[in-house]
Amino acid sequence: MGYRIGFGKDIHRLIKGRDLILGGIKIESKVGEDAYSDGDVLLHSVVDALLGAISEGDIGELFPDSDPRYKNVPSSIFLKKALDILKTRGYKINNIDCYIELERPKISPYKKQIQKNLATLLNIDENDVSIKAGTCEKMGEVGRGEAISAYSLILIEKIEEKQ
Ligand code: ZN
C-alpha cells in the first residue's frame, strides 16, 4: 500500500560541439547531446519517471523547449521542480534503477560518480540508486553512435502522515 512506480525514457542525438552530460556529470567525449537544455538524457528519463509515478504528465509538457527560460539550463532544475511536485503530493522516493544506452565512450569509469551525484540530487541514499550502462551492439541509431538513450524506473512511497 502507498507505493507507486514510474517509468521514463529519453533519447538525444549526439553531435559535435556539445558536452556529454549524464546525471549532472560531464563525460569525456567527442560528441554530446543535441538539446535545448543541457540535454542530460539520464536526468530527463529520471524526471519523466518521477512525473509518471504521480501521473503528472511528462517533461515536455512541464518544461516546453519553446520556453526561453530553459535554453541551455542544467537539467537538475527540471529534477528539482519534479521533486517539489512529488513532495507536495506527499511521496518520497524508495529507489531508482537507471539504464544508459550508448556505443561510446565507456561509462563504467563514471558510474560511481553518476550514482553519487544522482543520489545527492534526489536526496536519497547511494544504495537506492542503480546506474547501469550498455551498448546497442552496433545496431540502430544508438549503435551507430548517432544517439544516446536512457531508461529509468522509480518506486515512490507515500510519506506516513503524522498523528
Ligand atoms: Zn531529453
# chains A, B, ... in the order shown; residues from 1 in each chain; ligands from 1
>>> residues_near_ligand(ligand="ligand 1", cutoff="7 Å", atoms="only C-alpha atoms and all ligand atoms", output="ChimeraX atom specification")
/A:10-12,35,39-41,44
>>> select_by_dssp(residues="range 48-131 of chain A", states="strand (DSSP E)", output="count of residues only")
14
>>> residues_around(residues="Lys138 in chain A", least_positions_apart="6", cutoff="8 Å", atoms="only C-alpha atoms", output="MDAnalysis selection string")
chainID A and resid 103 144:145
>>> write_last_selection(atoms="all heavy atoms", output="PDB file, in the first residue's frame")
ATOM      1  N   GLU A 103      27.020   3.791 -27.456  1.00  0.00           N
ATOM      2  CA  GLU A 103      28.082   2.967 -28.032  1.00  0.00           C
ATOM      3  C   GLU A 103      29.453   3.339 -27.468  1.00  0.00           C
ATOM      4  O   GLU A 103      30.243   2.490 -27.132  1.00  0.00           O
ATOM      5  CB  GLU A 103      28.044   3.115 -29.550  1.00  0.00           C
ATOM      6  CG  GLU A 103      28.528   1.895 -30.304  1.00  0.00           C
ATOM      7  CD  GLU A 103      27.739   0.609 -30.003  1.00  0.00           C
ATOM      8  OE1 GLU A 103      26.556   0.705 -29.651  1.00  0.00           O
ATOM      9  OE2 GLU A 103      28.325  -0.481 -30.128  1.00  0.00           O
ATOM     10  N   ARG A 144      25.109   3.038 -33.913  1.00  0.00           N
ATOM     11  CA  ARG A 144      25.956   3.758 -34.880  1.00  0.00           C
ATOM     12  C   ARG A 144      26.610   4.989 -34.259  1.00  0.00           C
ATOM     13  O   ARG A 144      27.332   5.728 -34.922  1.00  0.00           O
ATOM     14  CB  ARG A 144      25.125   4.164 -36.106  1.00  0.00           C
ATOM     15  CG  ARG A 144      24.738   3.001 -37.005  1.00  0.00           C
ATOM     16  CD  ARG A 144      24.140   3.500 -38.331  1.00  0.00           C
ATOM     17  NE  ARG A 144      22.916   4.270 -38.117  1.00  0.00           N
ATOM     18  CZ  ARG A 144      21.686   3.728 -38.094  1.00  0.00           C
ATOM     19  NH1 ARG A 144      21.519   2.461 -38.298  1.00  0.00           N
ATOM     20  NH2 ARG A 144      20.643   4.497 -37.878  1.00  0.00           N
ATOM     21  N   GLY A 145      26.320   5.235 -32.990  1.00  0.00           N
ATOM     22  CA  GLY A 145      26.921   6.371 -32.289  1.00  0.00           C
ATOM     23  C   GLY A 145      26.241   7.691 -32.601  1.00  0.00           C
ATOM     24  O   GLY A 145      26.782   8.751 -32.323  1.00  0.00           O
TER      25      GLY A 145
END
>>> residues_around(residues="range 26-31 of chain A", least_positions_apart="5", cutoff="12 Å", atoms="only C-alpha atoms", output="PyMOL selection string")
chain A and resi 12-21+38-40+74+102-111+113-114+117+145-148
>>> closest_residue(among="A:Glu101, A:Asp34, A:Glu126, A:Glu61", to="Gly143 in chain A", atoms="only C-alpha atoms")
A:Glu101
>>> select_by_dssp(residues="range 5-61 of chain A", states="alpha helix (DSSP H)", output="JSON, numbers by chain")
{"A": [41, 42, 43, 44, 45, 46, 47, 48, 49, 50, 51, 52, 53, 59, 60, 61]}
>>> write_last_selection(atoms="N, CA and C atoms", output="CSV table (one decimal), in the first residue's frame")
chain,number,residue,atom,x,y,z
A,41,VAL,N,20.4,13.3,-20.8
A,41,VAL,CA,19.4,12.3,-21.2
A,41,VAL,C,19.0,11.4,-20.0
A,42,LEU,N,20.0,11.2,-19.1
A,42,LEU,CA,19.7,10.4,-17.9
A,42,LEU,C,18.7,11.2,-17.0
A,43,LEU,N,19.0,12.4,-16.7
A,43,LEU,CA,18.2,13.2,-15.8
A,43,LEU,C,16.8,13.4,-16.4
A,44,HIS,N,16.7,13.5,-17.7
A,44,HIS,CA,15.4,13.6,-18.4
A,44,HIS,C,14.6,12.4,-18.2
A,45,SER,N,15.2,11.2,-18.3
A,45,SER,CA,14.5,10.0,-18.1
A,45,SER,C,14.0,9.8,-16.6
A,46,VAL,N,14.9,10.3,-15.7
A,46,VAL,CA,14.5,10.3,-14.3
A,46,VAL,C,13.3,11.2,-14.0
A,47,VAL,N,13.4,12.4,-14.6
A,47,VAL,CA,12.2,13.4,-14.4
A,47,VAL,C,10.9,12.8,-14.9
A,48,ASP,N,11.0,12.1,-16.1
A,48,ASP,CA,9.8,11.5,-16.7
A,48,ASP,C,9.3,10.4,-15.8
A,49,ALA,N,10.2,9.6,-15.2
A,49,ALA,CA,9.8,8.5,-14.3
A,49,ALA,C,9.1,9.1,-13.1
A,50,LEU,N,9.7,10.1,-12.5
A,50,LEU,CA,9.1,10.8,-11.3
A,50,LEU,C,7.7,11.3,-11.6
A,51,LEU,N,7.6,12.0,-12.7
A,51,LEU,CA,6.3,12.6,-13.1
A,51,LEU,C,5.3,11.4,-13.4
A,52,GLY,N,5.8,10.4,-14.0
A,52,GLY,CA,4.9,9.2,-14.4
A,52,GLY,C,4.4,8.6,-13.1
A,53,ALA,N,5.2,8.5,-12.1
A,53,ALA,CA,4.8,7.8,-10.8
A,53,ALA,C,3.7,8.5,-10.2
A,59,ILE,N,8.0,15.5,-19.1
A,59,ILE,CA,8.9,16.6,-19.0
A,59,ILE,C,8.6,17.6,-20.1
A,60,GLY,N,8.2,17.2,-21.3
A,60,GLY,CA,8.0,18.1,-22.4
A,60,GLY,C,6.8,19.0,-22.1
A,61,GLU,N,5.8,18.5,-21.4
A,61,GLU,CA,4.6,19.3,-21.1
A,61,GLU,C,5.0,20.3,-20.0
>>> closest_residue(among="A:Asp67, A:Asp84, A:Glu137, A:Glu33", to="Ser149 in chain A", atoms="only C-alpha atoms")
A:Glu33
>>> residues_around(residues="Val129 in chain A", least_positions_apart="5", cutoff="9 Å", atoms="only C-alpha atoms", output="count of residues only")
9
>>> atom_distance(atom1="CA of Leu121 in chain A", atom2="CA of Cys136 in chain A")
28.1 Å
>>> closest_residue(among="A:Leu122, A:Leu22, A:Ile54, A:Leu79", to="Ile100 in chain A", atoms="only C-alpha atoms")
A:Leu22
>>> atom_distance(atom1="CA of Ile159 in chain A", atom2="CA of Leu62 in chain A")
24.1 Å
>>> residues_around(residues="Ser66 in chain A", least_positions_apart="4", cutoff="9 Å", atoms="only C-alpha atoms", output="PyMOL selection string")
chain A and resi 36+70-71
>>> atom_distance(atom1="CA of Arg69 in chain A", atom2="CA of Arg89 in chain A")
25.3 Å
>>> closest_residue(among="A:Gly23, A:Met1, A:Glu157, A:Lys81", to="Ser130 in chain A", atoms="only C-alpha atoms")
A:Gly23
